[in-house]
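Read the structure below first, then the notes.
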Amino acid sequence: MPMTLAEKILARASGNKEVAAGDYVTAKIDVAMAHEGAAWVIDELMKAGIDRVWDPERIVIMFDHWAPAPTELTATMHKKVREFVKKHGIKHFYDVKAGICHQIMHELGHVRPGELIVGTDSHTTTYGALGAGGTGIGTTDMAVVWVTGELWFRVPETVKFYIKGSLPKYVMSKDVILYIAGKYGTEVAQYKSVEFDGPTVKEMSVASRMTMCNMAIEIGGKFGLVAPDEKAVEYVKARTNKPFTPLYPDPDAVYEKVYEVDVSELEPQVAFPHSVGNVKPISQAEGIKINQAFLGSCTNGRLEDLAAAAEILRGRKVHPDVRMIVIPASRQVYMEALKAGILEVFLEAGAVICNPTCGPCMGTHLGLLAEGERCISSSNRNFKGRMGSPKAEIYLASPYTVAASAVTGEITDPRKLMGGKK
Amino acid sequence: MTTIKVKGRVWKLGDNIDTDVITPGKYLSLPMDQLKQHVLEPINPDFAKQVQPGDVIVGGRNFGCGSSREQAPRALKEVGVAAVIAESFARIFFRNAISIGLPVLICEGVSSAFDEGDVLEADLSTGEIKNLTKGTTLKAKPLPPMMLEILSAGGALELLKKKFAQ
C-alpha cells in the first residue's frame with residue numbers, strides 16, 4: 001500500500017510495515033524536546049511519584065520562553081529544571097545563552113530526517129523542514145514520554161500544498177504560508193499532516209522551509225513536512241554524526257486533497273488581528289500606523305531573515321515613533337549576524353537588539369504592548385492579548401515588510417522602499 | 001463499557017477561541033491557583049468568578065487553536081468546567097484535554113443548538129447530547145475507547161500509574 005510521509009514516519013516509529021490514516025498506533029519517540037515546559041513535566045512526574053526517565057540521551061531541554069529569567073517565579077522554574085537535568089544526567093541541556101528551542105534543535109543536529117520528535121511547543125512542526133515528524137504535545141503527554149519513551153498517535157490524513165512559480169523579489173516563504181492560511185483558512189489541515197511540495201519549495205533554503213513548516217500548526221497541522229532532498233540531508237550531515245534514514249512519500253500515496261498554489265505574482269502578505277487566517281495583500285494594509293516592529297522568533301529569526309531586514313535598513317533609520325526589537329533566533333545566528341556586519345546595520349538604524357529568546361512573541365518579556373498600540377511582527381501568532389494588552393493589535397508579516405514598516409512608521413510594501421516591484 | 005456523563009449550565013463561546021485567550025502568556029508562569037483566575041480574561045474578565053462547578057462550555061470551530069500549553073484545558077478544569085463541546089477543536093488542545101482528564105466532544109451543530117444558560121447533558125461514550133432546556137437531542141461522534149479509558153482513569157498519568165501498579 002502506498003504511504004504518505006506522515007504514514008511512513010509513524011509506521012517506522014510504531015514498528016509496523018504499514019499504517020493508514022485513521023489507525024491508532026503506539027510509537028517510539030526518537031527525541032523528546034522540552035523548553036521551560038520541562039518544569040511542568042517535572043511537576044507532573046513529582047505528583048505521580050515517578051522519579052526516573054526512559055533515556056537521558058533522547059531528552060533535549062533548553063530555556064527560551066523566559067531567558068534569562070525576567071521574574072523570580074521563572075528563575076525558580078529554571079532552577080528546578082537545572083537540578084533535574086543534573087540528577088537524571090540529561091545529556092543535551094542548553095541554558096539561557098543558547099536561543100530558541102526549534103532553532104537550536106536544527107542547528108545542533110537534534111533533528112534528523114525520518115525521525116519522530118515531540119516537543120512541549122506547538123511549533124515543533126518546524127522539524128518537518130528536514131523531513132522529521134515533529135509535533136507539539138502538552139506536559140502530561142511529555143511526562144508519559146519521559147517515563148515510557150512511547151506515545152499513542154492517530155495516523156493523520158495528509159493534505160499537500162504543491163507550490164510553483166518563482167517568488168518575486170522581496171516576497172518570502174512567510175508570505176507564502178500567510179497566503180495559504182488566508183486563502184484556505186486556519187482549519188484546512190485540522191488533525192492532518194501537511195506536505196509542502198513543488199518547484200518553489202525545492203528552490204527554498206532550509207531556513208525558508210522552516211518558516212513554512214513552523215506555521216503548519218497555524219493551519220491546524222499535526223506535521224508540516226517537506227520530503228528531505230539533498231539540501232536537507234547535507235544540512236543534517238554537517239551537524240551530526242548520528243546515522244539516520246530519510247523517508248519519502250510514495251509517488252502514488254493517497255492525499256486527502258492537493259492544493260496547487262502559484263506564487264509567481266504573489267504580493268507581500270499581512271495577517272490582520274486577531275487571527276492568522278485574517279490575511280490581506282500588502283496593498284490593503286499600507287498606511288496602518290505602528291508603534292512597534294518585532295523581528296525575530298522561531299518563525300523568522302534566522303540569518304536570512306535578519307539579512308533581509310538589514311537590506312532594507314542599511315542607510316535608513318527606524319521611524320522616531322517606532323520601537324524596533326530585533327531578536328536573533330540563536331547564539332549561532334547572533335554570532336553570524338555579528339560577523340556579517342548585520343547587527344551594526346540594526347544598531348545604526350536605531351533598533352534594539354536583545355539576546356536570543358522567544359521575547360515578546362508570546363508576551364512574556366522584552367517588548368510588550370500597551371492598550372491601543374499596534375505591532376508588526378515577523379512571528380507566528382496575532383491572537384488577542386498575545387503580546388500584552390488584549391486591546392493591542394498584532395499584524396504578521398515577513399522580515400522585509402517588518403523592516404520597511406519600521407522605517408516609515410506605517411505598514412509598508414518593501415518593494416516601494418527598494419525601488420519598484422521586481 | 002466506560003460511561004462518562006456530564007450535566008451542566010452552558011457557557012457559549014465563539015469560533016477560534018485560542019490558547020492565548022484561554023490562558024494568556026503573560027500569566028503562564030504563575031502557579032495554577034493564580035493562573036486560573038485569569039482564564040478567558042481577554043474575552044470575559046469575569047468568567048473565572050462567575051463560572052460554577054459543573055458548567056459546560058459550548059464552543060464554535062477550531063476551539064483551543066494555538067499553543068501546546070496544557071494550562072489551557074487545565075485552567076478550565078480547575079475553575080470547574082465539566083466538559084467542552086465544540087464544532088471542532090485544534091488537535092493539541094483536544095489531546096491535552098483528554099490527557100488531563102477534561103471531557104471533550106466534537107459535535108457539529110452544537111453551537112446553534114444551545115443558548116447561554118441552557119442545561120446540557122452529554123454521554124461521552126455514546127456521544128448523545130441533550131438540551132434539557134429546549135428538549136432537543138444531538139449526536140456527536142463518541143470518543144474512541146482508548147480516550148475514554150484515559151478520561152475515566154482521570155488522565156494519562158493516572159492511567160500510567162495504574163498500569164505500573166498492575
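Going by the C-alpha cells order, chains are called A, B, ..., each with residues numbered from 1, while ligands are numbered from 1 in the order shown.
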
Quick one: residues within 7 Å of stretch 265-268 of chain A, only C-alpha atoms, excluding same-chain residues fewer than 3 positions away - as a PDB file with N, CA, C and O atoms, in the first residue's frame?
```pdb
ATOM      1  N   PRO A 168       8.548  36.391  -6.344  1.00  0.00           N
ATOM      2  CA  PRO A 168       9.022  37.726  -6.744  1.00  0.00           C
ATOM      3  C   PRO A 168      10.001  38.283  -5.699  1.00  0.00           C
ATOM      4  O   PRO A 168       9.997  37.864  -4.538  1.00  0.00           O
ATOM      5  N   VAL A 171       9.518  39.051  -1.740  1.00  0.00           N
ATOM      6  CA  VAL A 171       8.443  38.184  -1.253  1.00  0.00           C
ATOM      7  C   VAL A 171       9.120  36.919  -0.724  1.00  0.00           C
ATOM      8  O   VAL A 171      10.005  36.373  -1.374  1.00  0.00           O
ATOM      9  N   ASP A 175       5.437  34.953   3.306  1.00  0.00           N
ATOM     10  CA  ASP A 175       4.283  35.447   2.553  1.00  0.00           C
ATOM     11  C   ASP A 175       3.486  34.280   1.975  1.00  0.00           C
ATOM     12  O   ASP A 175       2.255  34.345   1.889  1.00  0.00           O
ATOM     13  N   PRO A 281      -3.493  41.105   1.145  1.00  0.00           N
ATOM     14  CA  PRO A 281      -2.267  41.529   0.467  1.00  0.00           C
ATOM     15  C   PRO A 281      -1.833  42.899   0.985  1.00  0.00           C
ATOM     16  O   PRO A 281      -2.669  43.672   1.456  1.00  0.00           O
ATOM     17  N   ILE A 282      -0.534  43.173   0.881  1.00  0.00           N
ATOM     18  CA  ILE A 282       0.010  44.403   1.464  1.00  0.00           C
ATOM     19  C   ILE A 282      -0.689  45.651   0.939  1.00  0.00           C
ATOM     20  O   ILE A 282      -0.835  46.631   1.657  1.00  0.00           O
TER      21      ILE A 282
END
```

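Here the DSSP assignment of helix (DSSP H, G or I), based on backbone atoms, applies within stretch 76-126 of chain B to B:Leu76, B:Lys77, B:Glu78, B:Arg91, B:Ile92, B:Phe93, B:Phe94, B:Arg95, B:Asn96, B:Ala97, B:Ile98, B:Ser99, B:Ile100, B:Val110, B:Ser111, B:Ser112, B:Ala113.
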
Contact residues around stretch 21-28 of chain A with only C-alpha atoms at 12 Å, ignoring same-chain residues under 3 positions, as a ChimeraX atom specification | /A:1-16,18,31-32,54-55,58,115-118,133,144-159,191-193,253-256 /B:144-147

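Candidate residues A:Gly350, A:Gly287, A:Gly131, A:Gly99 were compared for distance to A:Met335, and the nearest is A:Gly99, using only C-alpha atoms.
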
Taking only C-alpha atoms into account, produce a table as JSON lines in which each residue of chain A with an atom at most 6 Å from an atom of chain B appears once, together with its shortest atom pair and the distance in Å to one decimal, ordered by chain and rising number.
```
{"residue": "A:Asp121", "atom": "CA", "partner": "B:Ser68", "partner_atom": "CA", "distance": 5.3}
{"residue": "A:Ser122", "atom": "CA", "partner": "B:Ser68", "partner_atom": "CA", "distance": 4.8}
{"residue": "A:Gly136", "atom": "CA", "partner": "B:Ser68", "partner_atom": "CA", "distance": 6.0}
{"residue": "A:Ile137", "atom": "CA", "partner": "B:Ser68", "partner_atom": "CA", "distance": 5.8}
{"residue": "A:Gly138", "atom": "CA", "partner": "B:Glu70", "partner_atom": "CA", "distance": 5.0}
{"residue": "A:Tyr191", "atom": "CA", "partner": "B:Arg91", "partner_atom": "CA", "distance": 5.6}
{"residue": "A:Met362", "atom": "CA", "partner": "B:Gly25", "partner_atom": "CA", "distance": 5.7}
{"residue": "A:Gly363", "atom": "CA", "partner": "B:Lys26", "partner_atom": "CA", "distance": 5.4}
{"residue": "A:Thr364", "atom": "CA", "partner": "B:Lys26", "partner_atom": "CA", "distance": 5.2}
{"residue": "A:Arg386", "atom": "CA", "partner": "B:Asp20", "partner_atom": "CA", "distance": 5.9}
{"residue": "A:Pro390", "atom": "CA", "partner": "B:Pro42", "partner_atom": "CA", "distance": 5.7}
```

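The residue set within 10 Å of A:Ser173, counting only C-alpha atoms and dropping same-chain residues fewer than 5 places from it, reads Leu167, Leu178, Tyr179, Thr200, Val201, Met204, Ser205, Ala207, Ser208, Arg209, Met210, Thr211, Met212, Val263, Pro268, Asn300 and Ser398 of chain A.
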
Output file for the residues above (C-alpha atoms, as a PDB file, in the first residue's frame):
```pdb
ATOM      1  CA  LEU A 167       8.902  34.044  -5.713  1.00  0.00           C
ATOM      2  CA  LEU A 178       0.383  33.551   5.259  1.00  0.00           C
ATOM      3  CA  TYR A 179      -1.273  33.442   1.841  1.00  0.00           C
ATOM      4  CA  THR A 200       9.183  26.628  -5.341  1.00  0.00           C
ATOM      5  CA  VAL A 201       9.767  24.549  -2.200  1.00  0.00           C
ATOM      6  CA  MET A 204      13.866  27.328  -0.996  1.00  0.00           C
ATOM      7  CA  SER A 205      16.654  27.269   1.581  1.00  0.00           C
ATOM      8  CA  ALA A 207      15.629  28.234   6.642  1.00  0.00           C
ATOM      9  CA  SER A 208      12.778  29.305   4.351  1.00  0.00           C
ATOM     10  CA  ARG A 209      11.234  25.850   4.541  1.00  0.00           C
ATOM     11  CA  MET A 210      11.450  26.030   8.341  1.00  0.00           C
ATOM     12  CA  THR A 211       9.279  29.168   8.290  1.00  0.00           C
ATOM     13  CA  MET A 212       6.517  27.354   6.385  1.00  0.00           C
ATOM     14  CA  VAL A 263       3.334  32.240  -6.232  1.00  0.00           C
ATOM     15  CA  PRO A 268       3.772  40.526   0.364  1.00  0.00           C
ATOM     16  CA  ASN A 300      11.654  34.394  11.177  1.00  0.00           C
ATOM     17  CA  SER A 398       7.738  38.919   6.513  1.00  0.00           C
TER      18      SER A 398
END
```

Could you tell me, as a ChimeraX atom specification, which residues of chain B DSSP assigns to strand (DSSP E) when given the backbone?
-> /B:5-12,56-59,83-86,104-106,119-123,128-131,136-139

Give me the residues within 9 Å of B:Ile129 as number ranges by chain, counting only C-alpha atoms and dropping any in the same chain fewer than 4 places off.
-> B: 107, 110, 120-124, 136-140

Writer output for current selection, N, CA and C atoms, as a PDB file, in the first residue's frame:
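Here's the written file out19.pdb:
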```
ATOM      1  N   CYS B 107     -18.945  18.062  18.075  1.00  0.00           N
ATOM      2  CA  CYS B 107     -20.340  17.891  17.675  1.00  0.00           C
ATOM      3  C   CYS B 107     -20.758  19.013  16.722  1.00  0.00           C
ATOM      4  N   VAL B 110     -23.599  22.003  17.372  1.00  0.00           N
ATOM      5  CA  VAL B 110     -23.825  22.226  18.814  1.00  0.00           C
ATOM      6  C   VAL B 110     -23.991  23.707  19.141  1.00  0.00           C
ATOM      7  N   LEU B 120     -27.242  21.408  29.645  1.00  0.00           N
ATOM      8  CA  LEU B 120     -26.764  20.388  28.709  1.00  0.00           C
ATOM      9  C   LEU B 120     -26.458  19.103  29.459  1.00  0.00           C
ATOM     10  N   GLU B 121     -26.822  17.985  28.841  1.00  0.00           N
ATOM     11  CA  GLU B 121     -26.422  16.691  29.390  1.00  0.00           C
ATOM     12  C   GLU B 121     -25.773  15.896  28.265  1.00  0.00           C
ATOM     13  N   ALA B 122     -24.586  15.351  28.528  1.00  0.00           N
ATOM     14  CA  ALA B 122     -23.880  14.616  27.472  1.00  0.00           C
ATOM     15  C   ALA B 122     -23.356  13.293  28.003  1.00  0.00           C
ATOM     16  N   ASP B 123     -23.422  12.285  27.140  1.00  0.00           N
ATOM     17  CA  ASP B 123     -22.837  10.985  27.449  1.00  0.00           C
ATOM     18  C   ASP B 123     -21.641  10.805  26.520  1.00  0.00           C
ATOM     19  N   LEU B 124     -20.433  10.819  27.110  1.00  0.00           N
ATOM     20  CA  LEU B 124     -19.210  10.798  26.309  1.00  0.00           C
ATOM     21  C   LEU B 124     -19.052   9.506  25.522  1.00  0.00           C
ATOM     22  N   THR B 136     -34.214  19.174  23.142  1.00  0.00           N
ATOM     23  CA  THR B 136     -33.690  18.655  21.873  1.00  0.00           C
ATOM     24  C   THR B 136     -32.492  17.739  22.118  1.00  0.00           C
ATOM     25  N   THR B 137     -32.183  16.926  21.113  1.00  0.00           N
ATOM     26  CA  THR B 137     -31.072  15.980  21.244  1.00  0.00           C
ATOM     27  C   THR B 137     -30.182  16.045  20.007  1.00  0.00           C
ATOM     28  N   LEU B 138     -28.874  15.960  20.239  1.00  0.00           N
ATOM     29  CA  LEU B 138     -27.904  15.924  19.133  1.00  0.00           C
ATOM     30  C   LEU B 138     -27.029  14.696  19.301  1.00  0.00           C
ATOM     31  N   LYS B 139     -26.337  14.343  18.215  1.00  0.00           N
ATOM     32  CA  LYS B 139     -25.459  13.182  18.307  1.00  0.00           C
ATOM     33  C   LYS B 139     -24.053  13.601  17.875  1.00  0.00           C
ATOM     34  N   ALA B 140     -23.104  13.445  18.802  1.00  0.00           N
ATOM     35  CA  ALA B 140     -21.701  13.691  18.464  1.00  0.00           C
ATOM     36  C   ALA B 140     -21.041  12.347  18.191  1.00  0.00           C
TER      37      ALA B 140
END
```

Can you pull out every residue within 9 Å of B:Ile57, counting only C-alpha atoms, but drop anything in the same chain fewer than 6 positions away, and send it as a PyMOL selection string?
-> chain B and resi 9-13+81-86

With a distance cut-off of 12 Å and only C-alpha atoms, select the neighbouring residues of A:Glu348, excluding the residue or stretch itself and same-chain residues fewer than 6 positions from it, and output the selection as a ChimeraX atom specification.
-> /A:310,313-318,341-342

Please dump the current selection as a PDB file, in the first residue's frame; keep C-alpha atoms.
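Contents of the output file part-v2.pdb:
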```pdb
ATOM      1  CA  ALA A 310      19.181  44.658   7.089  1.00  0.00           C
ATOM      2  CA  LEU A 313      17.511  49.169   6.947  1.00  0.00           C
ATOM      3  CA  ARG A 314      21.003  49.795   5.580  1.00  0.00           C
ATOM      4  CA  GLY A 315      21.463  53.572   5.438  1.00  0.00           C
ATOM      5  CA  ARG A 316      17.952  54.160   6.815  1.00  0.00           C
ATOM      6  CA  LYS A 317      16.586  54.955  10.280  1.00  0.00           C
ATOM      7  CA  VAL A 318      13.792  53.396  12.278  1.00  0.00           C
ATOM      8  CA  GLY A 341      28.003  43.293   9.923  1.00  0.00           C
ATOM      9  CA  ILE A 342      24.219  42.912  10.079  1.00  0.00           C
TER      10      ILE A 342
END
```

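The two atoms in question, atom CA of A:Phe244 and atom CA of A:Thr120, are spaced 23.2 Å apart.
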
Nearest residue to A:Asn241 from the set A:Lys97, A:His110, A:His92, A:Arg52 (distances using only C-alpha atoms) = A:His110

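Restricting the calculation to only C-alpha atoms, the smallest distance between A:Met62 and any of A:Phe196, A:Tyr94, A:Tyr127, A:Tyr248 is found for A:Tyr94.
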
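One finds atom CA of A:Thr139 at 29.0 Å from atom CA of A:Lys174.
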
Hey, which bits of stretch 64-126 of chain A sit within 9 Å of stretch 220-227 of chain A, and for each residue what's the closest pair of atoms and how far apart in Å (one decimal), counting only C-alpha atoms, rows by chain and increasing number, as CSV?
```
residue,atom,partner,partner_atom,distance
A:Pro113,CA,A:Ala227,CA,8.7
A:Thr124,CA,A:Phe223,CA,8.4
A:Thr125,CA,A:Phe223,CA,5.1
A:Thr126,CA,A:Gly224,CA,6.8
```
